[in-house]
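S.K.: Okay, so here is target24.cif, and as you'll see once you scroll down, it has mmCIF, C-alpha atoms.
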data_model
#
loop_
_atom_site.label_atom_id
_atom_site.label_comp_id
_atom_site.auth_asym_id
_atom_site.auth_seq_id
_atom_site.Cartn_x
_atom_site.Cartn_y
_atom_site.Cartn_z
CA MET A 202 -22.16 35.72 12.12
CA LYS A 203 -24.05 32.44 11.78
CA LYS A 204 -22.41 31.59 8.46
CA LEU A 205 -18.82 31.49 9.61
CA PHE A 206 -17.32 28.85 11.83
CA PRO A 207 -17.02 29.44 14.81
CA PHE A 208 -20.68 30.45 14.87
CA GLU A 209 -20.51 32.36 18.13
CA TYR A 210 -17.75 34.50 19.48
CA THR A 211 -14.72 32.46 20.54
CA ARG A 212 -13.75 32.90 24.14
CA PHE A 213 -10.83 35.07 23.08
CA GLU A 214 -13.07 37.39 21.07
CA LYS A 215 -15.55 37.61 23.93
CA ALA A 216 -12.78 38.43 26.38
CA ARG A 217 -11.35 41.09 24.11
CA ILE A 218 -14.70 42.75 23.46
CA ILE A 219 -15.71 42.84 27.11
CA GLY A 220 -12.24 44.05 28.07
CA ALA A 221 -12.21 46.86 25.53
CA ARG A 222 -15.70 47.96 26.56
CA ALA A 223 -14.78 47.85 30.25
CA LEU A 224 -11.79 50.10 29.54
CA GLN A 225 -14.03 52.56 27.72
CA ILE A 226 -16.51 52.61 30.61
CA ALA A 227 -13.71 53.02 33.12
CA MET A 228 -12.46 56.05 31.19
CA GLY A 229 -15.88 57.67 31.33
CA ALA A 230 -17.81 56.52 28.27
CA PRO A 231 -21.62 56.63 28.45
CA VAL A 232 -23.14 53.35 29.65
CA LEU A 233 -25.73 51.85 27.31
CA ILE A 234 -27.86 50.01 29.87
CA GLU A 235 -29.76 50.80 33.06
CA THR A 236 -27.94 49.09 35.93
CA ASP A 237 -27.02 49.48 39.57
CA LYS A 238 -23.54 48.02 39.17
CA THR A 239 -20.46 50.17 39.74
CA ASP A 240 -17.61 47.96 38.56
CA PRO A 241 -16.73 48.67 34.89
CA LEU A 242 -16.03 45.00 34.20
CA GLU A 243 -19.40 43.94 35.60
CA ILE A 244 -21.17 46.59 33.57
CA ALA A 245 -19.35 45.53 30.42
CA LYS A 246 -20.29 41.89 30.99
CA GLU A 247 -23.93 42.79 31.37
CA GLU A 248 -23.86 44.92 28.24
CA PHE A 249 -22.36 41.96 26.37
CA GLU A 250 -25.04 39.61 27.61
CA ARG A 251 -27.75 42.00 26.45
CA GLY A 252 -25.99 42.37 23.10
CA VAL A 253 -25.72 46.15 23.12
CA ILE A 254 -21.97 46.59 22.83
CA PRO A 255 -21.20 48.38 19.56
CA ILE A 256 -17.97 46.48 19.07
CA THR A 257 -17.57 43.42 16.90
CA VAL A 258 -14.79 41.30 15.47
CA LYS A 259 -13.36 41.39 11.98
CA ARG A 260 -12.33 37.85 11.09
CA ARG A 261 -9.72 37.32 8.46
CA ARG A 262 -11.09 34.82 5.97
CA SER A 263 -7.79 33.00 5.76
CA ALA A 264 -7.66 32.53 9.52
CA PHE A 265 -10.34 29.85 9.79
CA VAL A 266 -9.67 27.40 7.02
CA TRP A 267 -11.73 24.26 6.95
CA LEU A 268 -11.03 22.35 3.82
CA GLN A 269 -14.42 20.97 2.89
CA ARG A 270 -16.74 23.79 3.80
CA TYR A 271 -16.48 26.37 1.05
CA ASP A 272 -20.26 26.89 1.24
CA LEU A 273 -19.86 28.48 4.65
CA PHE A 274 -17.48 31.23 3.61
CA MET B 105 -27.52 4.59 1.63
CA TYR B 106 -26.71 7.25 4.18
CA GLU B 107 -24.36 9.04 1.85
CA GLU B 108 -26.73 11.83 0.73
CA ILE B 109 -27.45 12.86 4.33
CA PHE B 110 -23.76 13.50 4.87
CA LYS B 111 -23.74 16.15 2.15
CA ASP B 112 -25.44 18.58 4.52
CA TYR B 113 -23.36 17.58 7.52
CA PRO B 114 -19.73 17.29 6.46
CA LEU B 115 -17.67 15.36 8.94
CA PRO B 116 -14.16 13.88 8.85
CA GLU B 117 -13.80 10.57 7.00
CA GLU B 118 -12.99 8.45 10.06
CA LEU B 119 -16.02 9.77 11.89
CA LYS B 120 -18.27 9.15 8.90
CA LYS B 121 -17.08 5.56 8.71
CA GLU B 122 -17.81 4.93 12.37
CA ILE B 123 -21.27 6.48 12.17
CA VAL B 124 -22.20 4.53 9.03
CA GLU B 125 -20.96 1.32 10.66
CA GLU B 126 -23.10 1.87 13.72
CA LEU B 127 -26.15 2.93 11.70
CA GLU B 128 -25.89 -0.13 9.48
CA ARG B 129 -25.46 -2.40 12.46
CA ARG B 130 -28.70 -1.13 13.95
CA LYS B 131 -30.46 -0.99 10.57
CA VAL B 132 -31.74 2.55 11.05
CA ASP B 133 -34.18 4.12 8.58
CA LYS B 134 -33.33 7.33 6.77
CA LYS B 135 -35.37 9.77 8.84
CA THR B 136 -33.93 8.67 12.17
CA ALA B 137 -30.50 8.47 10.58
CA LYS B 138 -30.77 12.11 9.56
CA LYS B 139 -31.62 13.13 13.11
CA ILE B 140 -28.75 11.08 14.49
CA ILE B 141 -26.24 12.53 12.04
CA GLU B 142 -27.45 16.03 12.79
CA LYS B 143 -26.89 15.49 16.50
CA CYS B 144 -23.44 14.01 15.84
CA TYR B 145 -22.58 17.04 13.77
CA GLU B 146 -23.71 19.40 16.51
CA VAL B 147 -21.65 17.62 19.15
CA TYR B 148 -18.65 17.51 16.83
CA MET B 149 -18.79 21.25 16.19
CA LYS B 150 -19.10 21.99 19.89
CA ASN B 151 -15.94 19.98 20.57
CA LEU B 152 -13.70 21.69 18.05
CA MET B 153 -10.87 23.82 19.29
CA GLU B 154 -11.35 27.56 18.85
CA PRO B 155 -9.11 29.50 16.49
CA GLY B 156 -6.55 31.45 18.47
CA GLU B 157 -5.94 28.61 20.91
CA ALA B 158 -2.24 28.14 21.69
CA ALA B 159 -2.19 24.57 20.40
CA GLY B 160 1.58 24.30 20.20
CA ILE B 161 2.17 25.38 23.77
CA VAL B 162 -0.59 23.10 25.05
CA ALA B 163 0.95 20.19 23.11
CA ALA B 164 4.42 20.96 24.44
CA GLN B 165 3.18 21.06 28.02
CA SER B 166 1.07 17.92 27.56
CA ILE B 167 4.11 15.98 26.45
CA GLY B 168 6.59 17.68 28.74
CA GLU B 169 4.68 17.20 31.97
CA PRO B 170 4.54 13.39 31.78
CA GLY B 171 8.12 13.59 30.59
CA THR B 172 9.20 14.73 34.02
CA GLN B 173 7.75 11.52 35.40
CA MET B 174 9.67 9.27 33.06
CA THR B 175 12.62 7.40 34.35
CA MET B 176 16.06 7.69 32.88
CA ARG B 177 16.68 3.97 33.13
CA THR B 178 17.39 1.89 30.05
CA PHE B 179 16.06 -1.50 31.02
CA HIS B 180 16.87 -4.97 29.84
CA TYR B 181 13.67 -5.66 28.00
CA ALA B 182 13.21 -9.17 29.39
CA GLY B 183 9.91 -9.39 27.56
CA VAL B 184 10.90 -10.06 23.97
CA ALA B 185 13.54 -12.75 24.27
CA GLU B 186 16.57 -10.98 25.75
CA ILE B 187 16.76 -8.12 23.25
CA ASN B 188 17.73 -4.83 24.85
CA VAL B 189 15.62 -1.89 23.75
CA THR B 190 16.06 1.71 24.88
CA LEU B 191 13.03 2.83 26.86
CA GLY B 192 11.77 5.89 28.63
CA LEU B 193 13.25 9.35 28.40
CA PRO B 194 16.42 8.43 26.45
CA ARG B 195 14.26 6.83 23.76
CA LEU B 196 11.95 9.84 23.54
CA ILE B 197 14.99 12.08 23.15
CA GLU B 198 16.27 9.81 20.35
CA ILE B 199 12.96 10.05 18.53
CA LEU B 200 12.67 13.83 18.78
CA ASP B 201 16.31 14.42 17.90
CA VAL B 202 15.99 12.18 14.81
CA ARG B 203 19.09 10.20 15.67
CA LYS B 204 20.28 8.44 12.57
CA ASN B 205 21.77 5.56 14.57
CA PRO B 206 19.61 4.77 17.58
CA SER B 207 21.35 2.99 20.41
CA THR B 208 19.27 -0.20 20.15
CA PRO B 209 18.01 -0.70 16.61
CA MET B 210 15.51 -3.52 16.38
CA MET B 211 13.35 -4.98 13.65
CA THR B 212 10.19 -7.05 13.79
CA ILE B 213 10.06 -9.18 10.67
CA ARG B 214 6.97 -11.06 9.60
CA LEU B 215 7.11 -13.73 6.96
CA LEU B 216 5.00 -14.62 3.95
CA PRO B 217 2.24 -17.16 4.64
CA GLU B 218 4.17 -20.16 3.24
CA TYR B 219 7.16 -19.39 5.45
CA ALA B 220 5.33 -18.22 8.54
CA LYS B 221 3.85 -21.58 9.52
CA ASP B 222 6.97 -23.69 8.99
CA ARG B 223 9.69 -23.55 11.63
CA GLU B 224 12.38 -24.84 9.27
CA LYS B 225 11.59 -22.26 6.63
CA ALA B 226 11.59 -19.51 9.26
CA ARG B 227 15.02 -20.63 10.39
CA GLU B 228 16.17 -20.57 6.77
CA VAL B 229 15.14 -16.94 6.43
CA ALA B 230 16.77 -16.13 9.75
CA ASN B 231 20.06 -17.60 8.56
CA ARG B 232 19.84 -15.61 5.39
CA ILE B 233 19.48 -12.39 7.35
CA GLU B 234 21.77 -12.91 10.32
CA ALA B 235 25.29 -11.67 9.78
CA THR B 236 27.71 -14.60 9.79
CA THR B 237 31.34 -13.71 10.31
CA VAL B 238 34.37 -15.83 9.58
CA ASN B 239 34.75 -16.21 13.32
CA ASP B 240 31.41 -18.00 13.56
CA VAL B 241 32.27 -20.77 11.11
CA ALA B 242 36.04 -21.13 11.31
CA ASP B 243 38.99 -21.18 13.58
CA ILE B 244 41.53 -18.45 12.82
CA ALA B 245 45.11 -18.57 13.94
CA THR B 246 48.24 -16.59 13.19
CA ASP B 247 51.41 -18.26 12.11
CA LEU B 248 54.09 -15.82 13.19
CA ARG B 249 57.05 -17.78 11.90
CA ASN B 250 55.81 -17.88 8.31
CA MET B 251 53.93 -14.54 8.54
CA ARG B 252 50.60 -15.95 7.59
CA ILE B 253 47.04 -16.43 8.86
CA ILE B 254 45.49 -19.88 8.87
CA VAL B 255 41.71 -20.15 8.64
CA THR B 256 40.32 -23.58 9.46
CA PRO B 257 36.62 -23.80 8.60
CA ASP B 258 34.51 -26.08 10.75
CA PRO B 259 32.42 -28.30 8.47
CA LYS B 260 29.65 -28.68 11.02
CA ALA B 261 29.31 -24.94 11.54
CA LEU B 262 29.39 -24.39 7.77
CA GLU B 263 26.59 -26.87 7.30
CA LYS B 264 24.47 -25.32 10.04
CA LYS B 265 24.72 -21.94 8.34
CA ASP B 266 24.16 -23.52 4.97
CA LEU B 267 27.50 -22.34 3.53
CA LYS B 268 30.23 -23.96 1.49
CA PHE B 269 33.99 -23.78 1.75
CA ALA B 270 34.15 -22.09 -1.64
CA ASP B 271 31.92 -19.22 -0.45
CA VAL B 272 34.22 -18.50 2.48
CA LEU B 273 37.29 -18.64 0.24
CA LYS B 274 35.75 -16.27 -2.29
CA LYS B 275 34.73 -13.74 0.34
CA VAL B 276 38.15 -13.79 2.00
CA GLU B 277 39.89 -13.40 -1.37
CA LYS B 278 37.72 -10.43 -2.27
CA SER B 279 38.32 -8.47 0.88
CA VAL B 280 41.94 -9.24 1.76
CA LYS B 281 44.51 -7.70 -0.52
CA GLU B 282 47.14 -10.28 0.24
CA GLU B 283 47.92 -13.59 -1.33
CA VAL B 284 45.25 -16.17 -0.51
CA PHE B 285 45.46 -19.86 -1.32
CA GLU B 286 43.99 -23.12 -0.20
CA GLU B 287 45.99 -25.84 1.52
CA ASP B 288 44.33 -29.14 2.44
CA GLY B 289 41.02 -27.77 3.65
CA LYS B 290 42.45 -24.61 5.17
CA ILE B 291 42.64 -21.09 3.82
CA ILE B 292 46.08 -19.52 4.08
CA ILE B 293 46.64 -15.80 3.85
CA GLN B 294 50.27 -14.98 3.21
CA ILE B 295 51.46 -11.55 4.31
CA LYS B 296 54.22 -10.37 2.00
CA GLU B 297 55.63 -7.49 4.02
CA PRO B 298 57.61 -8.33 7.12
CA SER B 299 55.27 -6.18 9.24
CA TYR B 300 53.87 -7.50 12.50
CA LYS B 301 51.25 -4.73 12.48
CA LYS B 302 50.01 -5.72 9.01
CA LEU B 303 49.59 -9.28 10.17
CA MET B 304 47.50 -8.32 13.20
CA ASP B 305 45.41 -5.85 11.19
CA THR B 306 44.59 -8.45 8.59
CA PHE B 307 43.87 -10.93 11.36
CA ASP B 308 41.27 -8.60 12.87
CA LYS B 309 39.79 -7.82 9.49
CA VAL B 310 39.38 -11.47 8.57
CA ARG B 311 37.91 -12.35 11.95
CA LYS B 312 35.14 -9.74 11.60
CA LEU B 313 34.55 -10.31 7.89
CA VAL B 314 30.87 -10.93 7.11
CA ILE B 315 30.42 -13.93 4.84
CA ALA B 316 26.66 -14.26 4.75
CA GLY B 317 23.64 -12.28 5.77
CA ILE B 318 23.23 -8.56 6.28
CA LYS B 319 26.05 -6.79 8.03
CA GLU B 320 23.98 -4.75 10.49
CA ILE B 321 21.87 -7.64 11.77
CA LYS B 322 23.78 -8.97 14.72
CA ARG B 323 21.28 -11.45 16.10
CA VAL B 324 17.97 -12.95 15.03
CA ILE B 325 15.48 -14.55 17.37
CA ILE B 326 12.53 -16.60 16.19
CA ARG B 327 9.38 -16.56 18.26
CA LYS B 328 6.02 -18.10 17.72
CA GLU B 329 3.17 -15.61 18.02
CA GLY B 330 -0.27 -17.07 17.66
CA ASP B 331 0.13 -19.40 14.74
CA GLU B 332 2.97 -17.78 12.86
CA TYR B 333 6.67 -17.39 13.39
CA VAL B 334 8.01 -13.88 13.82
CA LEU B 335 11.65 -12.81 13.65
CA TYR B 336 13.10 -10.22 16.01
CA THR B 337 16.49 -8.82 15.14
CA GLU B 338 19.11 -6.89 17.00
CA GLY B 339 20.31 -4.42 14.42
CA SER B 340 18.43 -2.88 11.55
CA ASN B 341 18.70 -2.54 7.77
CA LEU B 342 15.23 -2.06 6.35
CA LYS B 343 16.23 -1.74 2.70
CA LYS B 344 18.06 -5.06 2.53
CA VAL B 345 15.73 -7.02 4.76
CA MET B 346 12.69 -6.08 2.71
CA LYS B 347 14.31 -7.69 -0.34
CA VAL B 348 15.07 -11.02 1.34
CA LYS B 349 13.05 -13.94 -0.02
CA GLY B 350 10.36 -15.04 2.41
CA VAL B 351 9.99 -11.71 4.18
CA ASP B 352 6.56 -10.11 4.10
CA PHE B 353 7.66 -6.57 3.43
CA THR B 354 4.23 -5.14 4.09
CA ARG B 355 4.40 -6.20 7.74
CA THR B 356 8.02 -5.58 8.59
CA ILE B 357 8.87 -2.72 10.91
CA THR B 358 11.94 -1.21 12.45
CA ASN B 359 12.46 1.28 15.24
CA ASN B 360 15.04 3.27 13.29
CA ILE B 361 12.93 6.18 12.10
CA TYR B 362 15.55 7.58 9.77
CA GLU B 363 15.62 4.29 7.87
CA ILE B 364 11.86 4.35 7.52
CA TYR B 365 12.17 7.88 6.11
CA GLU B 366 14.81 6.79 3.59
CA VAL B 367 13.04 3.65 2.42
CA LEU B 368 9.34 4.38 2.78
CA GLY B 369 9.06 8.16 2.63
CA ILE B 370 8.00 11.10 4.72
CA GLU B 371 4.42 10.10 5.52
CA ALA B 372 5.59 6.71 6.78
CA ALA B 373 8.22 8.50 8.85
CA ARG B 374 5.54 10.75 10.35
CA ASN B 375 3.49 7.71 11.37
CA ALA B 376 6.59 6.04 12.75
CA VAL B 377 7.36 9.07 14.93
CA ILE B 378 3.82 9.09 16.29
CA ASN B 379 3.74 5.34 16.94
CA GLU B 380 7.16 5.22 18.56
CA ALA B 381 6.53 8.24 20.80
CA LEU B 382 3.12 6.92 21.82
CA ALA B 383 4.57 3.48 22.56
CA THR B 384 7.40 4.96 24.63
CA LEU B 385 4.99 7.00 26.75
CA GLU B 386 2.51 4.15 27.13
CA GLU B 387 5.22 1.74 28.18
CA GLN B 388 6.03 4.06 31.08
CA GLY B 389 2.37 4.05 32.07
CA LEU B 390 1.71 7.64 30.94
CA GLU B 391 -1.28 8.61 28.87
CA VAL B 392 -0.88 11.48 26.41
CA ASP B 393 -3.59 12.29 23.88
CA VAL B 394 -2.39 11.37 20.42
CA ARG B 395 -3.14 14.78 18.89
CA HIS B 396 -0.38 16.47 20.88
CA ILE B 397 2.13 14.01 19.51
CA MET B 398 0.58 14.39 16.06
CA LEU B 399 1.25 18.11 16.22
CA VAL B 400 4.89 17.55 17.09
CA ALA B 401 5.25 14.97 14.31
CA ASP B 402 3.64 17.38 11.85
CA ALA B 403 6.04 20.14 12.87
CA MET B 404 8.95 17.78 12.27
CA THR B 405 7.81 16.54 8.86
CA ALA B 406 5.93 19.48 7.37
CA ASP B 407 8.70 20.44 4.94
CA GLY B 408 9.02 17.01 3.42
CA GLU B 409 12.12 16.00 5.34
CA LEU B 410 12.61 14.77 8.86
CA LYS B 411 13.82 17.67 10.97
CA GLN B 412 14.82 17.43 14.57
CA ILE B 413 13.33 19.60 17.29
CA GLY B 414 16.48 21.39 18.15
CA ARG B 415 18.88 23.98 16.94
CA HIS B 416 19.71 21.99 13.80
CA GLY B 417 16.07 21.62 12.92
CA VAL B 418 12.77 23.26 13.67
CA ALA B 419 14.01 25.64 16.37
CA GLY B 420 17.10 26.70 14.48
CA GLU B 421 15.25 27.53 11.28
CA LYS B 422 13.06 30.25 12.71
CA GLN B 423 13.15 33.57 10.90
CA SER B 424 13.43 35.65 14.03
CA ILE B 425 16.86 36.35 15.48
CA LEU B 426 15.57 36.94 18.99
CA ALA B 427 13.70 33.62 18.96
CA ARG B 428 16.82 31.71 17.96
CA ALA B 429 18.97 33.58 20.44
CA ALA B 430 16.47 32.84 23.19
CA PHE B 431 16.58 29.14 22.38
CA GLU B 432 20.19 27.99 22.63
CA MET B 433 23.30 29.69 21.35
CA THR B 434 22.59 33.27 22.38
CA VAL B 435 25.77 35.15 21.65
CA ASN B 436 26.55 33.25 18.44
CA ASN B 437 23.15 33.95 16.94
CA LEU B 438 23.19 37.63 17.86
CA LEU B 439 26.71 38.08 16.54
CA GLU B 440 26.05 36.34 13.23
CA ALA B 441 22.85 38.29 12.73
CA SER B 442 24.46 41.63 13.37
CA VAL B 443 27.34 40.86 11.02
CA ARG B 444 24.83 40.02 8.27
CA GLY B 445 22.61 42.99 9.02
CA GLU B 446 19.52 40.85 9.55
CA VAL B 447 16.16 42.37 10.39
CA ASP B 448 13.73 40.85 12.87
CA LYS B 449 10.16 41.38 11.70
CA LEU B 450 8.64 40.60 15.13
CA ASN B 451 6.00 38.30 13.68
CA GLY B 452 6.25 35.38 16.08
CA ILE B 453 5.50 34.72 19.71
CA THR B 454 8.89 34.63 21.43
CA GLU B 455 10.17 37.85 19.97
CA ASN B 456 7.02 39.77 20.82
CA ILE B 457 7.20 38.58 24.41
CA ILE B 458 10.82 39.66 24.63
CA VAL B 459 10.03 43.07 23.21
CA GLY B 460 6.87 43.48 25.30
CA GLN B 461 4.16 43.67 22.67
CA PRO B 462 0.89 41.73 22.48
CA ILE B 463 1.29 38.35 20.80
CA LYS B 464 -0.68 36.91 17.90
CA LEU B 465 -2.33 34.19 19.98
CA GLY B 466 -5.59 34.12 21.89
CA THR B 467 -6.89 37.60 22.62
CA GLY B 468 -3.98 39.21 20.80
CA ASP B 469 -5.24 37.67 17.59
CA VAL B 470 -8.59 39.49 17.73
CA GLU B 471 -9.23 42.56 15.61
CA LEU B 472 -11.99 44.78 16.94
CA VAL B 473 -14.13 47.03 14.76
CA LEU B 474 -16.97 49.37 15.50
CA LYS B 475 -20.40 47.86 14.98
CA LEU B 476 -22.64 50.42 13.38
CA GLY B 477 -26.42 50.16 13.27
CA GLY B 478 -27.39 50.91 16.83
CA SER B 479 -28.79 48.56 19.45
CA LYS B 480 -32.07 46.66 19.26
#
The structure in this file should be written as structure tokens.
M.R.:
Amino acid sequence: MKKLFPFEYTRFEKARIIGARALQIAMGAPVLIETDKTDPLEIAKEEFERGVIPITVKRRRSAFVWLQRYDLF
Amino acid sequence: MYEEIFKDYPLPEELKKEIVEELERRKVDKKTAKKIIEKCYEVYMKNLMEPGEAAGIVAAQSIGEPGTQMTMRTFHYAGVAEINVTLGLPRLIEILDVRKNPSTPMMTIRLLPEYAKDREKAREVANRIEATTVNDVADIATDLRNMRIIVTPDPKALEKKDLKFADVLKKVEKSVKEEVFEEDGKIIIQIKEPSYKKLMDTFDKVRKLVIAGIKEIKRVIIRKEGDEYVLYTEGSNLKKVMKVKGVDFTRTITNNIYEIYEVLGIEAARNAVINEALATLEEQGLEVDVRHIMLVADAMTADGELKQIGRHGVAGEKQSILARAAFEMTVNNLLEASVRGEVDKLNGITENIIVGQPIKLGTGDVELVLKLGGSK
């Protein structure tokens, strides 16, 4: 992940990941952390912060074009 | 000497220039310079917009919101010597609609160094540009009994405009298709047909006939700015003015964007759009970040020609039928499309909203995949 700009998840990617995970938890998927929370969204957020969500983003190479930085791609 | 450091931290040219300027001013050594450039790079990256951001919509709102605060008045611009210029919302509409004949065309003409400091020479150039009609230098009367028009040139007026009787005669002869001859200092135009209408038509034509100068330039005003004389004109013809002797064509501007496109090209037109729009908003006291206007200008000029934001330009050339129908002429667009059997591929934003599917912006632009490998 560090090689491509943006180096972290964009806020859209973060929102999508947490949202998808929250939907899975709400529909009964096993939770991957020990927590006392009951709201699926809260649980998903905590899972994201701990980095245990098994979902990631596939970035299309053509989507982030930055003319001078071919060494990054 | 800071060039090699920049190889690891690529930044835009303008930014590099500023950083180098500041570093050189403070005479910074290489090690500290490297740390400074690294920090600049970090801050720059943090400030970049994220992919997926709805830049177009943000730009449209950023320009539209101050637009609601603009007045519809078209003021007398008492600032620059009594020339009326369109301001405010009407002017912004003119710019974005790429009007080929703006309502108040105006040029700012700067002169070459030898001409700029001398008032007489500046006046000379002004006379060469300003349109001089027959009416300005002569008295015109109709002689109904003999069916002719008598033009009596005023020698003083001729001298002031630096013209000769022969010039006037030649111009009149060239444009009027009737018999023209000279009679003791006066020009007589004899109408052959016994038609009252022909007489009056020719009379009007002669009165408005331009003898000297450029036809579109109605008025020229000379003002002293700093230590040079600058000409402001009411009326605009960039191509001809640039060729006039004494004019510094590298510093002459007009507010007719279509002329700039024709004479100087598409990049110049893009800059003109940005400058004019920015000036219009600033004049009303509104502050809009330049990058929103840059986005609009880019959308207008991206194909190499100046397109208007409207149904004859950017909005009307969209591939999607639903998007065009949602913009202006609903029934026409739908009818035409169905007659042609067009297919809407649902690739854009508007059509996906209409149909009810996720759009390819923001979170809709994210493709999720399973991350294998287990947790830490």
S.K.: For the structure shown, which residues end up in the PyMOL selection byres ((chain A) within 6 of (chain B))? Put them as a list in words, please?
M.R.: Phe213, Glu214, Arg217, Val253, Pro255, Ile256, Thr257, Val258 and Lys259 of chain A
S.K.: Using all atoms listed in the file, which residues sit within 12 Å of Leu233 of chain A once same-chain residues fewer than 6 positions away are excluded, as a list in words?
M.R.: Arg222, Gln225, Ile226, Ile244, Ala245, Lys246, Glu247, Glu248, Phe249, Arg251, Gly252, Val253, Ile254 and Pro255 of chain A; Gly478, Ser479 and Lys480 of chain B
S.K.: What do you get, as an MDAnalysis selection string, if you spell out every residue that the PyMOL selection byres ((chain B and resi 200) around 12) selects here?
M.R.: chainID B and resid 167 193:199 201:204 206 361:362 374 376:378 380:381 384 397 400:405 410:414 416:418
S.K.: Work out how far apart atom CA of Asp393 of chain B and atom CA of Ala372 of chain B are and give it in Å to one decimal.
M.R.: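 The value is 20.2 Å.
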S.K.: How about completing segment 250-255 of chain A with all heavy atoms and giving it to me as a PDB file, in the coordinates of the input?
M.R.:
ATOM      1  N   GLU A 250     -23.966  40.593  27.565  1.00  0.00           N
ATOM      2  CA  GLU A 250     -25.040  39.610  27.610  1.00  0.00           C
ATOM      3  C   GLU A 250     -26.307  40.130  26.944  1.00  0.00           C
ATOM      4  O   GLU A 250     -27.044  39.376  26.322  1.00  0.00           O
ATOM      5  CB  GLU A 250     -25.353  39.232  29.058  1.00  0.00           C
ATOM      6  CG  GLU A 250     -24.677  37.952  29.494  1.00  0.00           C
ATOM      7  CD  GLU A 250     -24.154  38.047  30.905  1.00  0.00           C
ATOM      8  OE1 GLU A 250     -24.925  38.495  31.766  1.00  0.00           O
ATOM      9  OE2 GLU A 250     -22.977  37.680  31.126  1.00  0.00           O
ATOM     10  N   ARG A 251     -26.545  41.439  27.080  1.00  0.00           N
ATOM     11  CA  ARG A 251     -27.750  42.000  26.450  1.00  0.00           C
ATOM     12  C   ARG A 251     -27.532  42.321  24.975  1.00  0.00           C
ATOM     13  O   ARG A 251     -28.451  42.707  24.282  1.00  0.00           O
ATOM     14  CB  ARG A 251     -28.171  43.271  27.169  1.00  0.00           C
ATOM     15  CG  ARG A 251     -28.567  42.999  28.575  1.00  0.00           C
ATOM     16  CD  ARG A 251     -29.581  43.997  29.051  1.00  0.00           C
ATOM     17  NE  ARG A 251     -29.483  44.115  30.498  1.00  0.00           N
ATOM     18  CZ  ARG A 251     -29.897  45.158  31.185  1.00  0.00           C
ATOM     19  NH1 ARG A 251     -30.433  46.183  30.562  1.00  0.00           N
ATOM     20  NH2 ARG A 251     -29.780  45.166  32.499  1.00  0.00           N
ATOM     21  N   GLY A 252     -26.268  42.182  24.515  1.00  0.00           N
ATOM     22  CA  GLY A 252     -25.990  42.370  23.100  1.00  0.00           C
ATOM     23  C   GLY A 252     -25.970  43.805  22.635  1.00  0.00           C
ATOM     24  O   GLY A 252     -26.213  44.084  21.462  1.00  0.00           O
ATOM     25  N   VAL A 253     -25.660  44.742  23.518  1.00  0.00           N
ATOM     26  CA  VAL A 253     -25.720  46.150  23.120  1.00  0.00           C
ATOM     27  C   VAL A 253     -24.355  46.772  22.868  1.00  0.00           C
ATOM     28  O   VAL A 253     -24.268  47.940  22.533  1.00  0.00           O
ATOM     29  CB  VAL A 253     -26.458  46.987  24.178  1.00  0.00           C
ATOM     30  CG1 VAL A 253     -27.892  46.542  24.263  1.00  0.00           C
ATOM     31  CG2 VAL A 253     -25.767  46.887  25.516  1.00  0.00           C
ATOM     32  N   ILE A 254     -23.291  45.987  23.037  1.00  0.00           N
ATOM     33  CA  ILE A 254     -21.970  46.590  22.830  1.00  0.00           C
ATOM     34  C   ILE A 254     -21.755  46.851  21.341  1.00  0.00           C
ATOM     35  O   ILE A 254     -21.928  45.946  20.518  1.00  0.00           O
ATOM     36  CB  ILE A 254     -20.855  45.654  23.338  1.00  0.00           C
ATOM     37  CG1 ILE A 254     -21.032  45.399  24.834  1.00  0.00           C
ATOM     38  CG2 ILE A 254     -19.498  46.264  23.071  1.00  0.00           C
ATOM     39  CD1 ILE A 254     -19.905  44.615  25.439  1.00  0.00           C
ATOM     40  N   PRO A 255     -21.386  48.073  20.986  1.00  0.00           N
ATOM     41  CA  PRO A 255     -21.200  48.380  19.560  1.00  0.00           C
ATOM     42  C   PRO A 255     -19.838  47.992  19.023  1.00  0.00           C
ATOM     43  O   PRO A 255     -19.289  48.647  18.151  1.00  0.00           O
ATOM     44  CB  PRO A 255     -21.366  49.915  19.539  1.00  0.00           C
ATOM     45  CG  PRO A 255     -20.884  50.347  20.871  1.00  0.00           C
ATOM     46  CD  PRO A 255     -21.255  49.265  21.837  1.00  0.00           C
TER      47      PRO A 255
END
